[in-house]
Amino acid sequence: MCGIVGYIGPRDATPIILNGLKRLEYRGYDSAGIAVFNGGQLEVRKDAGKLSQLIDLVNKSPINGAPGIGHTRWATHGAPSQRNAHPHVSRNGRVVVVQNGIVENFLELKEELMAEGVEFQSDTDTETIVHLVEHYLATGLDLVEAARRTFNQIQGANVVVLMSADEPDKIVTARIGNAGGVVIGLGEDENFLASDTPAIMDHTRNVIFLESRQMATVTRSDVCIQTLDGNKIKPQTHSVSWDPVAAEKGEYRHFMQKEIHEQVRAVTDTLAGRVDFGRGEIRLPDLKLTKELANKIEKIYITACGTAAYAGMVGKYLIEKIARVPTEVVIASEFRYSDPVVDDKTVVLAISQSGETADTLAAMEEGRRKGAVVWSIVNAIGSQAMRTADGFISMQTGPEIGVASTKAFVAPLVDQYMLAILLADLRGVIDEKTRKALVADLRLIPDLVGRTLDREAEVEKVAYALKDVRDCLYLGRGINMPIAYEGALKLKEISYIHAEGYPAGEMKHGPIALIDKAMPVVCLAPKDPWHEKMISQIQQAKARGGTVIAIATDGDELIDGMADHILWVPETPWMLLPVVTVLPLQMLAYHIAAIRGLDIDQPRNLAKSVTVE
Ligand code: M6R
């Protein structure tokens with residue numbers, strides 16, 4: 001997970017930045033770098049590897065002075081290497097940039113810049129930003145305006161931080177799209193900024209959180225905030241608690257809400273190091289998937305519990321659709337008792353946030369005993385499910401604290417999409433053009449997630465309408481059917497409202513009898529191959545007096561006017577829709593529970609890690 005720290009003030013920036021980056025180290029990264037103004041000169045130190053290597057580099061060749069910015073990178077564009085590490089410097093050496101996120105339109109921007117004669121020094125998308133800023137500065141604009149123009153050209157969900165040697169009295173930062181956060185720490189004659197609150201908590205508790213599509217100009221004595229359209233905003237200062245747990249929550253009321261909003265970053269980070277957008281390739285080195293193994297596999301069992309199992313159900317669609325490998329999902333607590341047909345041509349793929357769920361570990365063990373290749377998709381680094389698998393994919397989303405799983409649900413959706421592409425490629429099931437198109441769609445995901453999360457206020461309104469219901473039915477079809485299960489699980493576990501997820505086509509075989517005025521029906525009806533079927537489902541529910549809450553794609557006129565409430569999601573490539581459609585359901589469950597005043601992060605009777613059978 002990329003981290004950013006910046007400092008402006010009378011002290012040396014280097015130790016402040018390195019200590020701040022250290023606080024973010026546990027989130028994972030593959031390279032690190034720092035840029036500091038050293039007596040009017042911009043100096044950069046960066047390298048692949050751990051922060052300790054950067055610290056050695058700085059010890060050998062110190063850089064004193066301020067302001068400064070630092071970054072820990074998780075590669076998305078170009079391998080982890082010295083040249084791809086941030087900060088990136090403009091051609092004239094006067095501007096530096098660090099970025100978290102993916103510049104979706106970087107190929108177009110890069111082509112335009114190259115046509116102007118810009119030679120790129122790295123393989124990164126980030127480098128386009130610094131060249132664009134330099135381009136605008138050359139037209140006579142100041143840094144803030146050059147940065148603002150640049151930010152408006154970038155598509156994606158990104159956090160960007162910039163400095164210029166010609167205006168060393170400021171750091172400029174922006175939150176473009178609903179990217180992971182930017183927190184600005186306010187000091188006495190000094191200011192700080194970071195991607196995460198813990199990075200600056202040694203220095204100040206008074207902070208400003210940037211909203212989506214806002215930028216800030218940070219000087220020693222002032223913070224000036226404006227929207228990316230150029231409208232000035234009066235900043236709202238928050239006082240962050242000294243309690244380290246509360247400090248970690250930052251601007252959010254609960255960890256669950258924080259983790260919901262961290263999903264832009266979660267999907268970006270799980271791509272990190274795995275996707276080469278330039279070549280349109282997927283690499284999952286920890287999975288140890290060779291061409292020989294890919295061609296040997298005859299069947300995949302996905303096994304997991306709860307939310308992780310629902311993620312696996314989406315994975316089944318993806319693996320069968322893209323790689324054409326027969327795939328079955330078996331709830332882990334059933335796997336070892338169902339005498340599954342497993343041999344050495346079978347893969348048992350376990351999904352687990354904690355990597356310590358007893359039933360999931362037992363299912364992995366059963367797979368191994370029967371001779372299968374055992375894989376896992378795990379969030380907790382070093383957990384048993386990671387250690388004991390023949391190959392694994394790390395979700396790379398950082399710790400999940402809220403008992404209700406959110407970011408550890410969307411990350412494995414993306415991981416399984418990548419796995420399906422890799423499998424398909426190695427088995428020769430897809431051609432290069434298809435592979436590149438599937439990989440290119442991944443670029444869109446962080447921004448689509450961010451834009452959906454931006455609609456939280458509308459979801460909250462619907463939560464008020466549903467806060468007193470006793471039961472709720474969730475319906476979905478095809479790839480969105482597991483999202484109906486997951487939406488219902490989220491609601492029941494944190495709000496204690498009885499909720500059922502159902503395959504929509506099954507409604508007429510029983511559950512339709514339940515529908516009346518008191519039974520809201522949440523219908524997942526985005527523009528996917530099952531869209532028309534879901535429309536008829538909505539009509540059937542309405543005909544029986546049900547209150548329908550539809551999850552629909554922006555601009556869907558068929559649904560507009562048909563449902564009682566609509567939670568809109570942006571148009572999304574259909575195989576990646578579950579990453580987006582689950583978000584309003586997470587927010588809905590969260591807000592209903594918040595309105596009911598419940599203990600959201602630690603719901604009754606539940607544990608984060610279920611280590612007993
Ligand atoms: O740690 P795991 O992913 O293996 O946990 C599996 C389930 O216990 C977990 O997903 C549970 O259903 C969550 N409370 C869902 O929010």
# chains A, B, ... in the order shown; residues from 1 in each chain; ligands from 1
call {"tool": "residues_near_ligand", "arguments": {"ligand": "ligand 1", "cutoff": "8 Å", "atoms": "only C-alpha atoms and all ligand atoms", "output": "list in words"}}
result
Ala304, Cys305, Gly306, Thr307, Ala308, Ala309, Ile351, Ser352, Gln353, Ser354, Gly355, Glu356, Thr357, Thr360, Val378, Val403, Ala404, Ser405, Thr406, Ala408, Phe409, Leu489, Lys490, Glu493, Leu606, Ala607, Lys608, Ser609 and Val610 of chain A
call {"tool": "select_by_dssp", "arguments": {"residues": "range 329-373 of chain A", "states": "helix (DSSP H, G or I)", "output": "list in words"}}
result
Ala332, Ser333, Glu334, Phe335, Ala358, Asp359, Thr360, Leu361, Ala362, Ala363, Met364, Glu365, Glu366, Gly367, Arg368 and Arg369 of chain A
call {"tool": "closest_residue", "arguments": {"among": "A:Asn84, A:Ile8, A:Thr204, A:Thr611", "to": "Leu361 in chain A", "atoms": "only C-alpha atoms"}}
result
A:Thr611
call {"tool": "closest_atom_pairs", "arguments": {"of": "range 263-317 of chain A", "to": "range 23-46 of chain A", "cutoff": "10 Å", "atoms": "only C-alpha atoms", "output": "tab-separated table"}}
result
residue	atom	partner	partner_atom	distance
A:Asp269	CA	A:Gly28	CA	9.1
A:Ala272	CA	A:Tyr29	CA	8.9
A:Gly273	CA	A:Asp30	CA	8.5
call {"tool": "select_by_dssp", "arguments": {"residues": "range 162-402 of chain A", "states": "strand (DSSP E or B)", "output": "PyMOL selection string"}}
result
chain A and resi 162-164+171-176+183-186+191-194+206-209+214-218+223-227+232-233+238-239+275-276+281-282+299-304+327-331+346-352+373-378+391-394
call {"tool": "residues_around", "arguments": {"residues": "Ile69 in chain A", "least_positions_apart": "2", "cutoff": "12 Å", "atoms": "only C-alpha atoms", "output": "ChimeraX atom specification"}}
result
/A:3-8,12-18,20-21,32-37,42-46,65-67,71-72,86-88,95-99,160-164,170-173,192-195
call {"tool": "residues_around", "arguments": {"residues": "Ala174 in chain A", "least_positions_apart": "3", "cutoff": "8 Å", "atoms": "only C-alpha atoms", "output": "NGL selection string"}}
result
:A and (151 or 158-161 or 182 or 210 or 213-216)
call {"tool": "residues_around", "arguments": {"residues": "range 505-519 of chain A", "least_positions_apart": "5", "cutoff": "8 Å", "atoms": "only C-alpha atoms", "output": "short mmCIF file (atom, residue, chain, number, x, y, z; two decimals) with all heavy atoms, in the first residue's frame"}}
result
data_model
loop_
_atom_site.label_atom_id
_atom_site.label_comp_id
_atom_site.auth_asym_id
_atom_site.auth_seq_id
_atom_site.Cartn_x
_atom_site.Cartn_y
_atom_site.Cartn_z
N VAL A 469 -37.15 -1.79 9.58
CA VAL A 469 -37.71 -3.02 9.01
C VAL A 469 -37.26 -4.23 9.85
O VAL A 469 -36.24 -4.18 10.53
CB VAL A 469 -37.29 -3.23 7.52
CG1 VAL A 469 -37.75 -2.07 6.67
CG2 VAL A 469 -35.80 -3.46 7.38
N ARG A 470 -38.06 -5.28 9.77
CA ARG A 470 -37.72 -6.50 10.52
C ARG A 470 -37.03 -7.53 9.65
O ARG A 470 -36.24 -8.34 10.12
CB ARG A 470 -39.00 -7.13 11.10
CG ARG A 470 -39.55 -6.39 12.30
CD ARG A 470 -40.86 -7.02 12.68
NE ARG A 470 -40.70 -8.48 12.86
CZ ARG A 470 -40.65 -9.07 14.04
NH1 ARG A 470 -40.77 -8.37 15.13
NH2 ARG A 470 -40.51 -10.37 14.13
N ASP A 471 -37.39 -7.53 8.36
CA ASP A 471 -36.85 -8.52 7.44
C ASP A 471 -36.50 -7.83 6.12
O ASP A 471 -37.08 -6.81 5.79
CB ASP A 471 -37.89 -9.60 7.12
CG ASP A 471 -38.48 -10.21 8.37
OD1 ASP A 471 -37.84 -11.11 8.92
OD2 ASP A 471 -39.57 -9.75 8.79
N CYS A 472 -35.65 -8.45 5.38
CA CYS A 472 -35.27 -7.86 4.09
C CYS A 472 -34.80 -8.98 3.16
O CYS A 472 -34.08 -9.90 3.60
CB CYS A 472 -34.15 -6.86 4.33
SG CYS A 472 -33.92 -5.71 3.00
N LEU A 473 -35.22 -8.88 1.91
CA LEU A 473 -34.84 -9.91 0.93
C LEU A 473 -33.89 -9.27 -0.08
O LEU A 473 -34.13 -8.16 -0.55
CB LEU A 473 -36.12 -10.39 0.23
CG LEU A 473 -36.06 -11.65 -0.61
CD1 LEU A 473 -35.62 -12.85 0.21
CD2 LEU A 473 -37.46 -11.92 -1.20
N ARG A 477 -28.81 -12.04 -9.74
CA ARG A 477 -28.64 -13.14 -10.70
C ARG A 477 -27.23 -13.13 -11.25
O ARG A 477 -26.58 -12.10 -11.27
CB ARG A 477 -29.61 -12.97 -11.88
CG ARG A 477 -30.99 -13.39 -11.56
CD ARG A 477 -31.78 -13.54 -12.82
NE ARG A 477 -31.71 -14.93 -13.28
CZ ARG A 477 -32.77 -15.63 -13.70
NH1 ARG A 477 -33.95 -15.07 -13.74
NH2 ARG A 477 -32.64 -16.87 -14.11
N GLN A 537 -38.06 -9.24 -12.43
CA GLN A 537 -38.12 -9.56 -11.00
C GLN A 537 -38.64 -8.36 -10.19
O GLN A 537 -39.46 -8.51 -9.28
CB GLN A 537 -36.69 -9.87 -10.54
CG GLN A 537 -36.58 -10.97 -9.57
CD GLN A 537 -36.94 -12.30 -10.20
OE1 GLN A 537 -36.26 -12.75 -11.11
NE2 GLN A 537 -38.00 -12.92 -9.72
N ALA A 541 -42.01 -8.16 -7.88
CA ALA A 541 -42.02 -7.74 -6.46
C ALA A 541 -42.97 -6.56 -6.27
O ALA A 541 -43.73 -6.50 -5.29
CB ALA A 541 -40.61 -7.37 -6.02
N ARG A 544 -46.62 -7.34 -6.08
CA ARG A 544 -47.09 -7.92 -4.81
C ARG A 544 -46.98 -6.94 -3.65
O ARG A 544 -46.96 -7.32 -2.49
CB ARG A 544 -46.31 -9.20 -4.52
CG ARG A 544 -46.91 -10.36 -5.30
CD ARG A 544 -45.90 -11.32 -5.82
NE ARG A 544 -46.55 -12.23 -6.76
CZ ARG A 544 -46.46 -12.12 -8.09
NH1 ARG A 544 -45.76 -11.16 -8.64
NH2 ARG A 544 -47.08 -12.98 -8.87
N GLY A 545 -46.82 -5.69 -4.01
CA GLY A 545 -46.83 -4.64 -2.97
C GLY A 545 -45.51 -4.45 -2.27
O GLY A 545 -45.43 -3.74 -1.26
N GLY A 546 -44.45 -5.10 -2.75
CA GLY A 546 -43.15 -4.98 -2.09
C GLY A 546 -42.51 -3.62 -2.31
O GLY A 546 -42.77 -2.95 -3.31
N THR A 547 -41.68 -3.21 -1.35
CA THR A 547 -40.88 -1.99 -1.52
C THR A 547 -39.57 -2.42 -2.15
O THR A 547 -38.86 -3.25 -1.59
CB THR A 547 -40.59 -1.35 -0.14
OG1 THR A 547 -41.84 -1.10 0.48
CG2 THR A 547 -39.78 -0.08 -0.27
#
call {"tool": "residues_around", "arguments": {"residues": "range 292-298 of chain A", "least_positions_apart": "4", "cutoff": "9 Å", "atoms": "only C-alpha atoms", "output": "ChimeraX atom specification"}}
result
/A:288,325-326,344-347,422-424,426-428
call {"tool": "residues_around", "arguments": {"residues": "Tyr310 in chain A", "least_positions_apart": "5", "cutoff": "8 Å", "atoms": "only C-alpha atoms", "output": "list in words"}}
result
Pro482, Ile483, Tyr485 and Glu486 of chain A
call {"tool": "closest_residue", "arguments": {"among": "A:Tyr502, A:Arg455, A:Gly185, A:Met575", "to": "Gly315 in chain A", "atoms": "only C-alpha atoms"}}
result
A:Met575
call {"tool": "decode", "arguments": {"residues": "range 150-288 of chain A", "atoms": "C-alpha atoms", "output": "compact mmCIF listing (two decimals), in the first residue's frame"}}
result
# COMPACT_ATOMS: atom_id res chain seq x y z
CA THR A 150 -2.77 18.81 -14.42
CA PHE A 151 -5.07 17.32 -11.78
CA ASN A 152 -8.02 18.03 -14.04
CA GLN A 153 -6.40 16.05 -16.83
CA ILE A 154 -5.81 12.97 -14.73
CA GLN A 155 -8.48 10.28 -14.71
CA GLY A 156 -8.56 7.94 -11.76
CA ALA A 157 -8.63 7.89 -8.01
CA ASN A 158 -5.32 9.37 -7.00
CA VAL A 159 -3.49 11.26 -4.29
CA VAL A 160 -0.76 13.48 -5.71
CA VAL A 161 1.85 15.59 -3.90
CA LEU A 162 4.11 18.07 -5.70
CA MET A 163 6.92 20.51 -4.95
CA SER A 164 8.81 22.93 -7.19
CA ALA A 165 12.32 24.34 -6.68
CA ASP A 166 11.03 27.66 -7.99
CA GLU A 167 8.40 27.93 -5.26
CA PRO A 168 10.03 26.19 -2.28
CA ASP A 169 7.64 27.82 0.17
CA LYS A 170 4.85 25.35 -0.59
CA ILE A 171 3.76 21.76 -1.10
CA VAL A 172 0.74 21.18 -3.33
CA THR A 173 -1.44 18.11 -2.88
CA ALA A 174 -4.72 16.81 -4.28
CA ARG A 175 -7.22 14.05 -3.77
CA ILE A 176 -8.47 13.32 -7.26
CA GLY A 177 -11.53 11.11 -7.21
CA ASN A 178 -12.31 9.33 -4.00
CA ALA A 179 -8.75 8.10 -3.56
CA GLY A 180 -7.31 7.07 -0.23
CA GLY A 181 -7.04 10.00 2.11
CA VAL A 182 -4.87 13.06 2.43
CA VAL A 183 -4.49 14.33 5.98
CA ILE A 184 -2.85 17.70 6.61
CA GLY A 185 -1.39 18.11 10.09
CA LEU A 186 -1.28 21.64 11.52
CA GLY A 187 1.73 22.70 13.60
CA GLU A 188 3.22 25.96 14.95
CA ASP A 189 5.02 27.58 12.01
CA GLU A 190 5.17 24.15 10.37
CA ASN A 191 2.77 21.80 8.65
CA PHE A 192 2.68 18.13 7.75
CA LEU A 193 0.81 15.97 5.30
CA ALA A 194 0.35 12.26 4.90
CA SER A 195 -1.72 9.58 3.28
CA ASP A 196 -2.60 8.19 6.74
CA THR A 197 -3.09 9.82 10.12
CA PRO A 198 -0.61 7.64 12.11
CA ALA A 199 2.28 8.97 10.00
CA ILE A 200 2.04 12.45 11.54
CA MET A 201 0.59 11.75 14.97
CA ASP A 202 3.96 12.32 16.71
CA HIS A 203 3.77 15.97 15.68
CA THR A 204 0.19 17.20 15.82
CA ARG A 205 -3.39 16.22 16.56
CA ASN A 206 -5.00 19.09 14.65
CA VAL A 207 -5.74 17.97 11.15
CA ILE A 208 -7.64 18.73 7.98
CA PHE A 209 -8.90 15.88 5.79
CA LEU A 210 -9.09 16.61 2.08
CA GLU A 211 -12.35 15.63 0.42
CA SER A 212 -12.64 14.02 -2.97
CA ARG A 213 -11.69 16.45 -5.81
CA GLN A 214 -10.06 18.95 -3.48
CA MET A 215 -6.50 20.25 -3.54
CA ALA A 216 -4.42 22.03 -0.89
CA THR A 217 -1.52 24.44 -0.96
CA VAL A 218 0.43 23.89 2.23
CA THR A 219 2.94 26.50 3.44
CA ARG A 220 4.68 26.82 6.84
CA SER A 221 1.93 29.05 8.19
CA ASP A 222 -1.12 28.35 6.08
CA VAL A 223 -3.25 25.74 4.34
CA CYS A 224 -5.31 26.93 1.40
CA ILE A 225 -7.94 24.51 0.10
CA GLN A 226 -9.80 24.69 -3.18
CA THR A 227 -11.81 22.34 -5.35
CA LEU A 228 -10.22 21.10 -8.55
CA ASP A 229 -12.58 23.57 -10.29
CA GLY A 230 -10.77 26.38 -8.50
CA ASN A 231 -13.37 27.32 -5.86
CA LYS A 232 -11.89 28.24 -2.49
CA ILE A 233 -13.08 26.14 0.48
CA LYS A 234 -12.95 27.03 4.16
CA PRO A 235 -11.07 24.14 5.74
CA GLN A 236 -12.63 22.30 8.65
CA THR A 237 -10.12 21.41 11.35
CA HIS A 238 -10.53 18.19 13.32
CA SER A 239 -8.85 17.26 16.56
CA VAL A 240 -7.68 13.66 16.45
CA SER A 241 -7.72 11.74 19.71
CA TRP A 242 -4.45 10.79 21.46
CA ASP A 243 -5.83 7.29 21.76
CA PRO A 244 -3.91 5.37 19.07
CA VAL A 245 -7.00 3.30 18.14
CA ALA A 246 -9.13 6.42 17.68
CA ALA A 247 -6.27 8.09 15.81
CA GLU A 248 -6.13 5.17 13.40
CA LYS A 249 -9.83 5.70 12.63
CA GLY A 250 -8.98 9.16 11.34
CA GLU A 251 -12.01 11.01 9.99
CA TYR A 252 -14.38 8.04 10.31
CA ARG A 253 -16.78 7.07 13.09
CA HIS A 254 -16.06 3.35 12.88
CA PHE A 255 -13.40 1.10 11.43
CA MET A 256 -16.03 -0.43 9.19
CA GLN A 257 -16.76 2.96 7.63
CA LYS A 258 -13.03 3.64 7.27
CA GLU A 259 -12.49 0.26 5.67
CA ILE A 260 -15.41 0.80 3.29
CA HIS A 261 -13.71 3.98 2.12
CA GLU A 262 -10.31 2.30 2.01
CA GLN A 263 -11.57 0.11 -0.81
CA VAL A 264 -10.28 2.44 -3.51
CA ARG A 265 -6.89 1.81 -2.07
CA ALA A 266 -7.59 -1.88 -1.42
CA VAL A 267 -8.34 -2.55 -5.08
CA THR A 268 -5.36 -0.48 -6.20
CA ASP A 269 -3.04 -2.22 -3.78
CA THR A 270 -4.13 -5.70 -4.69
CA LEU A 271 -3.19 -4.88 -8.28
CA ALA A 272 0.20 -3.63 -7.14
CA GLY A 273 3.07 -5.72 -8.40
CA ARG A 274 0.68 -8.01 -10.29
CA VAL A 275 -0.50 -6.02 -13.30
CA ASP A 276 1.66 -4.63 -16.03
CA PHE A 277 -0.71 -2.21 -17.72
CA GLY A 278 1.86 -1.39 -20.39
CA ARG A 279 2.10 -5.01 -21.60
CA GLY A 280 -1.38 -6.03 -20.58
CA GLU A 281 -0.01 -8.87 -18.45
CA ILE A 282 -0.77 -10.42 -15.07
CA ARG A 283 1.92 -11.79 -12.79
CA LEU A 284 1.11 -13.70 -9.62
CA PRO A 285 4.56 -14.92 -8.58
CA ASP A 286 3.56 -16.22 -5.14
CA LEU A 287 1.00 -18.52 -6.72
CA LYS A 288 3.78 -20.48 -8.47
